[in-house]
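final_37.txt follows; it contains compact mmCIF, N, CA and C atoms.
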# COMPACT_ATOMS: atom_id res chain seq x y z
N MET R 1 -2.33 -11.01 -14.34
CA MET R 1 -2.84 -10.98 -12.99
C MET R 1 -2.02 -10.01 -12.16
N ALA R 2 -2.66 -9.18 -11.41
CA ALA R 2 -2.00 -8.32 -10.44
C ALA R 2 -2.59 -8.61 -9.08
N ILE R 3 -1.78 -8.42 -8.06
CA ILE R 3 -2.24 -8.59 -6.68
C ILE R 3 -2.16 -7.23 -6.01
N THR R 4 -3.28 -6.82 -5.46
CA THR R 4 -3.32 -5.54 -4.75
C THR R 4 -3.62 -5.80 -3.29
N VAL R 5 -2.82 -5.17 -2.44
CA VAL R 5 -2.97 -5.32 -1.00
C VAL R 5 -3.31 -3.95 -0.43
N ASN R 6 -4.44 -3.87 0.24
CA ASN R 6 -4.82 -2.65 0.96
C ASN R 6 -4.42 -2.84 2.41
N ILE R 7 -3.57 -1.96 2.90
CA ILE R 7 -3.12 -2.03 4.28
C ILE R 7 -3.60 -0.78 5.00
N TYR R 8 -4.40 -0.98 6.03
CA TYR R 8 -4.88 0.11 6.86
C TYR R 8 -3.97 0.19 8.08
N TYR R 9 -3.15 1.23 8.15
CA TYR R 9 -2.28 1.47 9.30
C TYR R 9 -3.04 2.37 10.27
N THR R 10 -3.13 1.94 11.53
CA THR R 10 -3.83 2.73 12.53
C THR R 10 -2.93 2.94 13.74
N GLY R 11 -2.94 4.17 14.24
CA GLY R 11 -2.16 4.52 15.42
C GLY R 11 -2.91 5.52 16.26
N VAL R 12 -2.17 6.26 17.06
CA VAL R 12 -2.74 7.32 17.89
C VAL R 12 -1.91 8.59 17.68
N ASN R 13 -2.51 9.72 18.03
CA ASN R 13 -1.81 11.02 17.98
C ASN R 13 -1.22 11.33 16.62
N GLY R 14 -1.89 10.90 15.55
CA GLY R 14 -1.41 11.19 14.20
C GLY R 14 -0.25 10.34 13.73
N ASN R 15 0.07 9.27 14.45
CA ASN R 15 1.24 8.46 14.12
C ASN R 15 1.15 7.78 12.76
N ALA R 16 -0.03 7.39 12.32
CA ALA R 16 -0.15 6.73 11.02
C ALA R 16 0.25 7.70 9.91
N ARG R 17 -0.22 8.92 10.00
CA ARG R 17 0.14 9.92 9.00
C ARG R 17 1.63 10.27 9.09
N LYS R 18 2.17 10.38 10.30
CA LYS R 18 3.60 10.65 10.48
C LYS R 18 4.43 9.54 9.85
N PHE R 19 3.98 8.29 10.01
CA PHE R 19 4.65 7.15 9.40
C PHE R 19 4.70 7.31 7.88
N ALA R 20 3.54 7.58 7.27
CA ALA R 20 3.49 7.74 5.81
C ALA R 20 4.37 8.89 5.35
N GLU R 21 4.33 9.99 6.07
CA GLU R 21 5.15 11.15 5.71
C GLU R 21 6.63 10.83 5.80
N GLU R 22 7.04 10.08 6.82
CA GLU R 22 8.45 9.72 6.95
C GLU R 22 8.85 8.72 5.87
N MET R 23 7.96 7.79 5.54
CA MET R 23 8.24 6.84 4.46
C MET R 23 8.55 7.59 3.16
N VAL R 24 7.81 8.65 2.90
CA VAL R 24 8.04 9.47 1.70
C VAL R 24 9.33 10.27 1.86
N ALA R 25 9.49 10.94 2.99
CA ALA R 25 10.61 11.86 3.21
C ALA R 25 11.97 11.18 3.13
N VAL R 26 12.07 9.96 3.63
CA VAL R 26 13.38 9.28 3.63
C VAL R 26 13.63 8.48 2.36
N GLY R 27 12.67 8.49 1.42
CA GLY R 27 12.87 7.86 0.13
C GLY R 27 12.47 6.40 0.03
N VAL R 28 11.91 5.85 1.10
CA VAL R 28 11.51 4.44 1.06
C VAL R 28 10.43 4.22 0.00
N VAL R 29 9.47 5.13 -0.07
CA VAL R 29 8.37 4.98 -1.03
C VAL R 29 8.91 4.98 -2.46
N ASP R 30 9.78 5.93 -2.77
CA ASP R 30 10.36 5.97 -4.13
C ASP R 30 11.12 4.69 -4.43
N ASP R 31 11.86 4.17 -3.45
CA ASP R 31 12.62 2.93 -3.67
C ASP R 31 11.70 1.75 -3.91
N ILE R 32 10.60 1.68 -3.19
CA ILE R 32 9.65 0.57 -3.38
C ILE R 32 9.04 0.66 -4.78
N ARG R 33 8.69 1.86 -5.20
CA ARG R 33 8.10 2.03 -6.53
C ARG R 33 9.06 1.61 -7.64
N LYS R 34 10.34 1.63 -7.36
CA LYS R 34 11.35 1.22 -8.35
C LYS R 34 11.61 -0.28 -8.34
N GLU R 35 11.10 -0.98 -7.33
CA GLU R 35 11.33 -2.42 -7.24
C GLU R 35 10.65 -3.13 -8.41
N GLU R 36 11.33 -4.14 -8.91
CA GLU R 36 10.77 -4.91 -10.02
C GLU R 36 9.44 -5.53 -9.61
N GLY R 37 8.42 -5.31 -10.42
CA GLY R 37 7.12 -5.90 -10.16
C GLY R 37 6.15 -5.01 -9.41
N ASN R 38 6.62 -3.86 -8.91
CA ASN R 38 5.68 -2.97 -8.22
C ASN R 38 4.89 -2.17 -9.24
N LEU R 39 3.58 -2.18 -9.08
CA LEU R 39 2.68 -1.45 -9.98
C LEU R 39 2.16 -0.17 -9.35
N LYS R 40 2.00 -0.18 -8.03
CA LYS R 40 1.43 0.99 -7.35
C LYS R 40 1.80 0.92 -5.88
N TYR R 41 2.10 2.08 -5.33
CA TYR R 41 2.38 2.20 -3.90
C TYR R 41 1.95 3.60 -3.51
N GLU R 42 0.72 3.75 -3.00
CA GLU R 42 0.14 5.06 -2.73
C GLU R 42 -0.57 5.07 -1.38
N TYR R 43 -0.38 6.16 -0.64
CA TYR R 43 -1.07 6.36 0.62
C TYR R 43 -2.31 7.24 0.42
N PHE R 44 -3.36 6.94 1.17
CA PHE R 44 -4.59 7.72 1.16
C PHE R 44 -5.04 7.92 2.60
N PHE R 45 -5.77 9.00 2.84
CA PHE R 45 -6.20 9.33 4.19
C PHE R 45 -7.72 9.32 4.26
N PRO R 46 -8.32 8.36 4.98
CA PRO R 46 -9.77 8.30 5.11
C PRO R 46 -10.33 9.58 5.74
N MET R 47 -11.39 10.09 5.17
CA MET R 47 -11.99 11.33 5.66
C MET R 47 -12.61 11.18 7.05
N ASN R 48 -13.08 10.00 7.38
CA ASN R 48 -13.79 9.82 8.65
C ASN R 48 -12.94 9.20 9.75
N ASP R 49 -11.62 9.04 9.52
CA ASP R 49 -10.76 8.42 10.52
C ASP R 49 -9.36 9.04 10.43
N THR R 50 -9.10 10.03 11.26
CA THR R 50 -7.83 10.75 11.21
C THR R 50 -6.65 9.95 11.76
N GLU R 51 -6.93 8.81 12.37
CA GLU R 51 -5.86 7.99 12.93
C GLU R 51 -5.48 6.80 12.04
N THR R 52 -6.02 6.77 10.83
CA THR R 52 -5.74 5.67 9.90
C THR R 52 -5.22 6.20 8.58
N VAL R 53 -4.30 5.45 8.00
CA VAL R 53 -3.79 5.71 6.66
C VAL R 53 -3.99 4.42 5.87
N LEU R 54 -4.47 4.56 4.63
CA LEU R 54 -4.64 3.42 3.74
C LEU R 54 -3.48 3.40 2.75
N LEU R 55 -2.81 2.28 2.67
CA LEU R 55 -1.79 2.05 1.64
C LEU R 55 -2.38 1.11 0.60
N ILE R 56 -2.35 1.52 -0.66
CA ILE R 56 -2.71 0.63 -1.76
C ILE R 56 -1.41 0.23 -2.42
N ASP R 57 -1.11 -1.06 -2.34
CA ASP R 57 0.18 -1.62 -2.74
C ASP R 57 -0.11 -2.73 -3.76
N SER R 58 0.33 -2.54 -5.00
CA SER R 58 -0.03 -3.48 -6.06
C SER R 58 1.23 -4.02 -6.74
N TRP R 59 1.20 -5.33 -7.02
CA TRP R 59 2.35 -6.04 -7.58
C TRP R 59 1.90 -6.93 -8.74
N VAL R 60 2.84 -7.25 -9.63
CA VAL R 60 2.50 -8.07 -10.80
C VAL R 60 2.12 -9.49 -10.42
N ASP R 61 2.73 -10.03 -9.36
CA ASP R 61 2.42 -11.40 -8.96
C ASP R 61 2.97 -11.67 -7.55
N GLN R 62 2.70 -12.86 -7.04
CA GLN R 62 3.14 -13.23 -5.69
C GLN R 62 4.65 -13.27 -5.58
N ARG R 63 5.32 -13.68 -6.64
CA ARG R 63 6.79 -13.73 -6.62
C ARG R 63 7.37 -12.35 -6.33
N ALA R 64 6.83 -11.31 -6.97
CA ALA R 64 7.32 -9.94 -6.74
C ALA R 64 7.09 -9.52 -5.28
N ILE R 65 5.95 -9.91 -4.73
CA ILE R 65 5.67 -9.60 -3.32
C ILE R 65 6.65 -10.33 -2.42
N ASP R 66 6.91 -11.60 -2.70
CA ASP R 66 7.84 -12.39 -1.89
C ASP R 66 9.24 -11.78 -1.90
N ILE R 67 9.68 -11.35 -3.07
CA ILE R 67 11.00 -10.72 -3.17
C ILE R 67 11.03 -9.43 -2.36
N HIS R 68 9.97 -8.64 -2.47
CA HIS R 68 9.87 -7.40 -1.69
C HIS R 68 9.91 -7.71 -0.19
N HIS R 69 9.17 -8.72 0.23
CA HIS R 69 9.11 -9.06 1.65
C HIS R 69 10.46 -9.54 2.20
N SER R 70 11.32 -10.07 1.35
CA SER R 70 12.62 -10.54 1.81
C SER R 70 13.73 -9.50 1.60
N SER R 71 13.35 -8.31 1.17
CA SER R 71 14.35 -7.27 0.85
C SER R 71 14.71 -6.43 2.09
N GLU R 72 15.78 -5.67 1.95
CA GLU R 72 16.18 -4.72 2.98
C GLU R 72 15.11 -3.65 3.18
N MET R 73 14.36 -3.38 2.13
CA MET R 73 13.29 -2.39 2.19
C MET R 73 12.27 -2.74 3.28
N MET R 74 11.95 -4.02 3.39
CA MET R 74 10.98 -4.47 4.38
C MET R 74 11.48 -4.18 5.79
N LYS R 75 12.77 -4.33 6.01
CA LYS R 75 13.34 -4.05 7.34
C LYS R 75 13.13 -2.58 7.70
N LYS R 76 13.30 -1.69 6.72
CA LYS R 76 13.08 -0.26 6.96
C LYS R 76 11.62 0.02 7.29
N ILE R 77 10.72 -0.63 6.55
CA ILE R 77 9.28 -0.45 6.79
C ILE R 77 8.92 -0.93 8.20
N ILE R 78 9.38 -2.09 8.57
CA ILE R 78 9.08 -2.66 9.89
C ILE R 78 9.61 -1.75 11.00
N THR R 79 10.82 -1.23 10.82
CA THR R 79 11.40 -0.33 11.81
C THR R 79 10.53 0.91 12.00
N LEU R 80 10.04 1.48 10.89
CA LEU R 80 9.19 2.66 11.00
C LEU R 80 7.82 2.31 11.58
N ARG R 81 7.26 1.17 11.22
CA ARG R 81 5.98 0.75 11.80
C ARG R 81 6.10 0.63 13.31
N GLU R 82 7.21 0.05 13.76
CA GLU R 82 7.42 -0.10 15.21
C GLU R 82 7.64 1.25 15.87
N LYS R 83 8.38 2.13 15.22
CA LYS R 83 8.64 3.47 15.76
C LYS R 83 7.33 4.19 16.06
N TYR R 84 6.34 4.05 15.16
CA TYR R 84 5.07 4.73 15.31
C TYR R 84 3.98 3.86 15.95
N ASP R 85 4.35 2.66 16.37
CA ASP R 85 3.44 1.73 17.07
C ASP R 85 2.12 1.57 16.32
N LEU R 86 2.23 1.16 15.07
CA LEU R 86 1.05 1.03 14.22
C LEU R 86 0.50 -0.39 14.23
N HIS R 87 -0.81 -0.46 14.10
CA HIS R 87 -1.51 -1.74 13.95
C HIS R 87 -2.05 -1.79 12.53
N MET R 88 -2.28 -2.99 12.02
CA MET R 88 -2.63 -3.13 10.61
C MET R 88 -3.85 -4.02 10.42
N LYS R 89 -4.63 -3.64 9.42
CA LYS R 89 -5.68 -4.51 8.88
C LYS R 89 -5.35 -4.65 7.40
N VAL R 90 -5.39 -5.87 6.89
CA VAL R 90 -4.95 -6.13 5.52
C VAL R 90 -6.07 -6.78 4.71
N GLU R 91 -6.25 -6.26 3.50
CA GLU R 91 -7.17 -6.86 2.52
C GLU R 91 -6.35 -7.16 1.27
N ARG R 92 -6.67 -8.26 0.61
CA ARG R 92 -5.90 -8.68 -0.56
C ARG R 92 -6.86 -8.96 -1.71
N TYR R 93 -6.51 -8.44 -2.90
CA TYR R 93 -7.37 -8.59 -4.08
C TYR R 93 -6.54 -9.04 -5.27
N ILE R 94 -7.14 -9.87 -6.11
CA ILE R 94 -6.50 -10.31 -7.36
C ILE R 94 -7.31 -9.71 -8.50
N THR R 95 -6.60 -9.10 -9.44
CA THR R 95 -7.24 -8.43 -10.56
C THR R 95 -8.05 -9.41 -11.40
N ASP R 96 -9.23 -8.97 -11.78
CA ASP R 96 -10.10 -9.74 -12.67
C ASP R 96 -9.50 -9.67 -14.07
N GLU R 97 -9.09 -10.80 -14.60
CA GLU R 97 -8.45 -10.84 -15.92
C GLU R 97 -9.39 -10.40 -17.05
N ASN R 98 -10.68 -10.44 -16.80
CA ASN R 98 -11.65 -10.05 -17.82
C ASN R 98 -11.86 -8.55 -17.89
N GLY R 99 -11.32 -7.80 -16.94
CA GLY R 99 -11.48 -6.36 -16.94
C GLY R 99 -12.85 -5.92 -16.48
N ILE R 100 -13.20 -4.70 -16.81
CA ILE R 100 -14.48 -4.13 -16.38
C ILE R 100 -15.58 -4.64 -17.29
N PRO R 101 -16.66 -5.20 -16.70
CA PRO R 101 -17.76 -5.70 -17.52
C PRO R 101 -18.43 -4.56 -18.31
N LYS R 102 -18.93 -4.89 -19.49
CA LYS R 102 -19.63 -3.91 -20.33
C LYS R 102 -20.77 -3.25 -19.56
N SER R 103 -21.45 -4.02 -18.71
CA SER R 103 -22.60 -3.48 -17.97
C SER R 103 -22.18 -2.39 -16.98
N ASP R 104 -20.93 -2.35 -16.60
CA ASP R 104 -20.44 -1.31 -15.67
C ASP R 104 -19.90 -0.09 -16.39
N GLU R 105 -19.57 -0.21 -17.66
CA GLU R 105 -18.94 0.89 -18.39
C GLU R 105 -19.82 2.14 -18.47
N ASN R 106 -21.15 1.97 -18.43
CA ASN R 106 -22.05 3.12 -18.46
C ASN R 106 -21.92 4.01 -17.25
N PHE R 107 -21.34 3.50 -16.17
CA PHE R 107 -21.23 4.24 -14.92
C PHE R 107 -19.86 4.85 -14.72
N ILE R 108 -18.99 4.73 -15.71
CA ILE R 108 -17.62 5.20 -15.61
C ILE R 108 -17.40 6.33 -16.61
N LYS R 109 -16.99 7.47 -16.12
CA LYS R 109 -16.69 8.60 -16.98
C LYS R 109 -15.18 8.69 -17.15
N ASN R 110 -14.74 8.61 -18.37
CA ASN R 110 -13.29 8.69 -18.64
C ASN R 110 -12.89 10.11 -18.95
I need this file expressed as structure tokens, please.
Amino acid sequence: MAITVNIYYTGVNGNARKFAEEMVAVGVVDDIRKEEGNLKYEYFFPMNDTETVLLIDSWVDQRAIDIHHSSEMMKKIITLREKYDLHMKVERYITDENGIPKSDENFIKN
């Protein structure tokens, strides 16, 4: 089981993108990717909303997320979120243990 959290960071005047860029520049993103249990930590930029950044953040289980949330890393993230005055919308997904259904495989090009 993996848990994936989609976090939509929204700000003004390009602040969401500046936040993501600073997270990368100061090494926070690399450090998070090295944390035990992290599977993915990637930023994406929606084409139709220049004031939002999507973070796809995936972990092996809730325990890994809890450890991350209690780490010094979280304090750095919160400080940067406040610096850029970002608001968040969060979606949470749990991986389907059965994988991709056979009926969907015809629509996927590898």
Where does segment 26-66 of chain R meet segment 73-96 of chain R within 10 Å, residue by residue, with the nearest atom pair and distance in Å to one decimal for each, counting only C-alpha atoms, listed by chain and rising number, as CSV?
residue,atom,partner,partner_atom,distance
R:Val28,CA,R:Met73,CA,7.1
R:Val29,CA,R:Met73,CA,9.4
R:Asp31,CA,R:Met73,CA,7.9
R:Ile32,CA,R:Met73,CA,7.3
R:Glu35,CA,R:Met73,CA,9.6
R:Glu51,CA,R:Leu86,CA,9.9
R:Thr52,CA,R:Leu86,CA,9.3
R:Val53,CA,R:Met88,CA,9.8
R:Leu54,CA,R:Lys89,CA,9.5
R:Leu55,CA,R:Val90,CA,9.6
R:Ile56,CA,R:Glu91,CA,9.7
R:Asp57,CA,R:Arg92,CA,9.6
R:Ser58,CA,R:Tyr93,CA,9.2
R:Trp59,CA,R:Ile94,CA,9.8
R:Val60,CA,R:Thr95,CA,9.7
R:Asp61,CA,R:Ile94,CA,9.1
Dump N, CA and C atoms for the selected residues as a PDB file, keeping the file's coordinate frame?
ATOM      1  N   VAL R  28      11.910   5.850   1.100  1.00  0.00           N
ATOM      2  CA  VAL R  28      11.510   4.440   1.060  1.00  0.00           C
ATOM      3  C   VAL R  28      10.430   4.220   0.000  1.00  0.00           C
ATOM      4  N   VAL R  29       9.470   5.130  -0.070  1.00  0.00           N
ATOM      5  CA  VAL R  29       8.370   4.980  -1.030  1.00  0.00           C
ATOM      6  C   VAL R  29       8.910   4.980  -2.460  1.00  0.00           C
ATOM      7  N   ASP R  31      11.860   4.170  -3.450  1.00  0.00           N
ATOM      8  CA  ASP R  31      12.620   2.930  -3.670  1.00  0.00           C
ATOM      9  C   ASP R  31      11.700   1.750  -3.910  1.00  0.00           C
ATOM     10  N   ILE R  32      10.600   1.680  -3.190  1.00  0.00           N
ATOM     11  CA  ILE R  32       9.650   0.570  -3.380  1.00  0.00           C
ATOM     12  C   ILE R  32       9.040   0.660  -4.780  1.00  0.00           C
ATOM     13  N   GLU R  35      11.100  -0.980  -7.330  1.00  0.00           N
ATOM     14  CA  GLU R  35      11.330  -2.420  -7.240  1.00  0.00           C
ATOM     15  C   GLU R  35      10.650  -3.130  -8.410  1.00  0.00           C
ATOM     16  N   GLU R  51      -6.930   8.810  12.370  1.00  0.00           N
ATOM     17  CA  GLU R  51      -5.860   7.990  12.930  1.00  0.00           C
ATOM     18  C   GLU R  51      -5.480   6.800  12.040  1.00  0.00           C
ATOM     19  N   THR R  52      -6.020   6.770  10.830  1.00  0.00           N
ATOM     20  CA  THR R  52      -5.740   5.670   9.900  1.00  0.00           C
ATOM     21  C   THR R  52      -5.220   6.200   8.580  1.00  0.00           C
ATOM     22  N   VAL R  53      -4.300   5.450   8.000  1.00  0.00           N
ATOM     23  CA  VAL R  53      -3.790   5.710   6.660  1.00  0.00           C
ATOM     24  C   VAL R  53      -3.990   4.420   5.870  1.00  0.00           C
ATOM     25  N   LEU R  54      -4.470   4.560   4.630  1.00  0.00           N
ATOM     26  CA  LEU R  54      -4.640   3.420   3.740  1.00  0.00           C
ATOM     27  C   LEU R  54      -3.480   3.400   2.750  1.00  0.00           C
ATOM     28  N   LEU R  55      -2.810   2.280   2.670  1.00  0.00           N
ATOM     29  CA  LEU R  55      -1.790   2.050   1.640  1.00  0.00           C
ATOM     30  C   LEU R  55      -2.380   1.110   0.600  1.00  0.00           C
ATOM     31  N   ILE R  56      -2.350   1.520  -0.660  1.00  0.00           N
ATOM     32  CA  ILE R  56      -2.710   0.630  -1.760  1.00  0.00           C
ATOM     33  C   ILE R  56      -1.410   0.230  -2.420  1.00  0.00           C
ATOM     34  N   ASP R  57      -1.110  -1.060  -2.340  1.00  0.00           N
ATOM     35  CA  ASP R  57       0.180  -1.620  -2.740  1.00  0.00           C
ATOM     36  C   ASP R  57      -0.110  -2.730  -3.760  1.00  0.00           C
ATOM     37  N   SER R  58       0.330  -2.540  -5.000  1.00  0.00           N
ATOM     38  CA  SER R  58      -0.030  -3.480  -6.060  1.00  0.00           C
ATOM     39  C   SER R  58       1.230  -4.020  -6.740  1.00  0.00           C
ATOM     40  N   TRP R  59       1.200  -5.330  -7.020  1.00  0.00           N
ATOM     41  CA  TRP R  59       2.350  -6.040  -7.580  1.00  0.00           C
ATOM     42  C   TRP R  59       1.900  -6.930  -8.740  1.00  0.00           C
ATOM     43  N   VAL R  60       2.840  -7.250  -9.630  1.00  0.00           N
ATOM     44  CA  VAL R  60       2.500  -8.070 -10.800  1.00  0.00           C
ATOM     45  C   VAL R  60       2.120  -9.490 -10.420  1.00  0.00           C
ATOM     46  N   ASP R  61       2.730 -10.030  -9.360  1.00  0.00           N
ATOM     47  CA  ASP R  61       2.420 -11.400  -8.960  1.00  0.00           C
ATOM     48  C   ASP R  61       2.970 -11.670  -7.550  1.00  0.00           C
TER      49      ASP R  61
END
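Picture a line from atom C of Ala25 of chain R to atom N of Met47 of chain R; it runs 23.5 Å.
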For atom N of Tyr43 of chain R and atom C of Ile67 of chain R, the interatomic separation in Å (one decimal):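 One can read the atom N of Tyr43 of chain R to atom C of Ile67 of chain R distance as 19.4 Å.
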What are the centre and edge lengths in Å, to one decimal, of the axis-aligned box around all listed atoms of segment 22-36 of chain R with 5 Å added on each side, as JSON?
{"center_x": 10.3, "center_y": 3.2, "center_z": -1.5, "size_x": 16.6, "size_y": 27.4, "size_z": 27.0}
Out of chain R, which residues get strand (DSSP E or B) from DSSP, as a PyMOL selection string? chain R and resi 3-10+38-44+52-59+87-94
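Interatomic distance, atom N of Thr4 of chain R to atom C of Asp30 of chain R: 18.5 Å.
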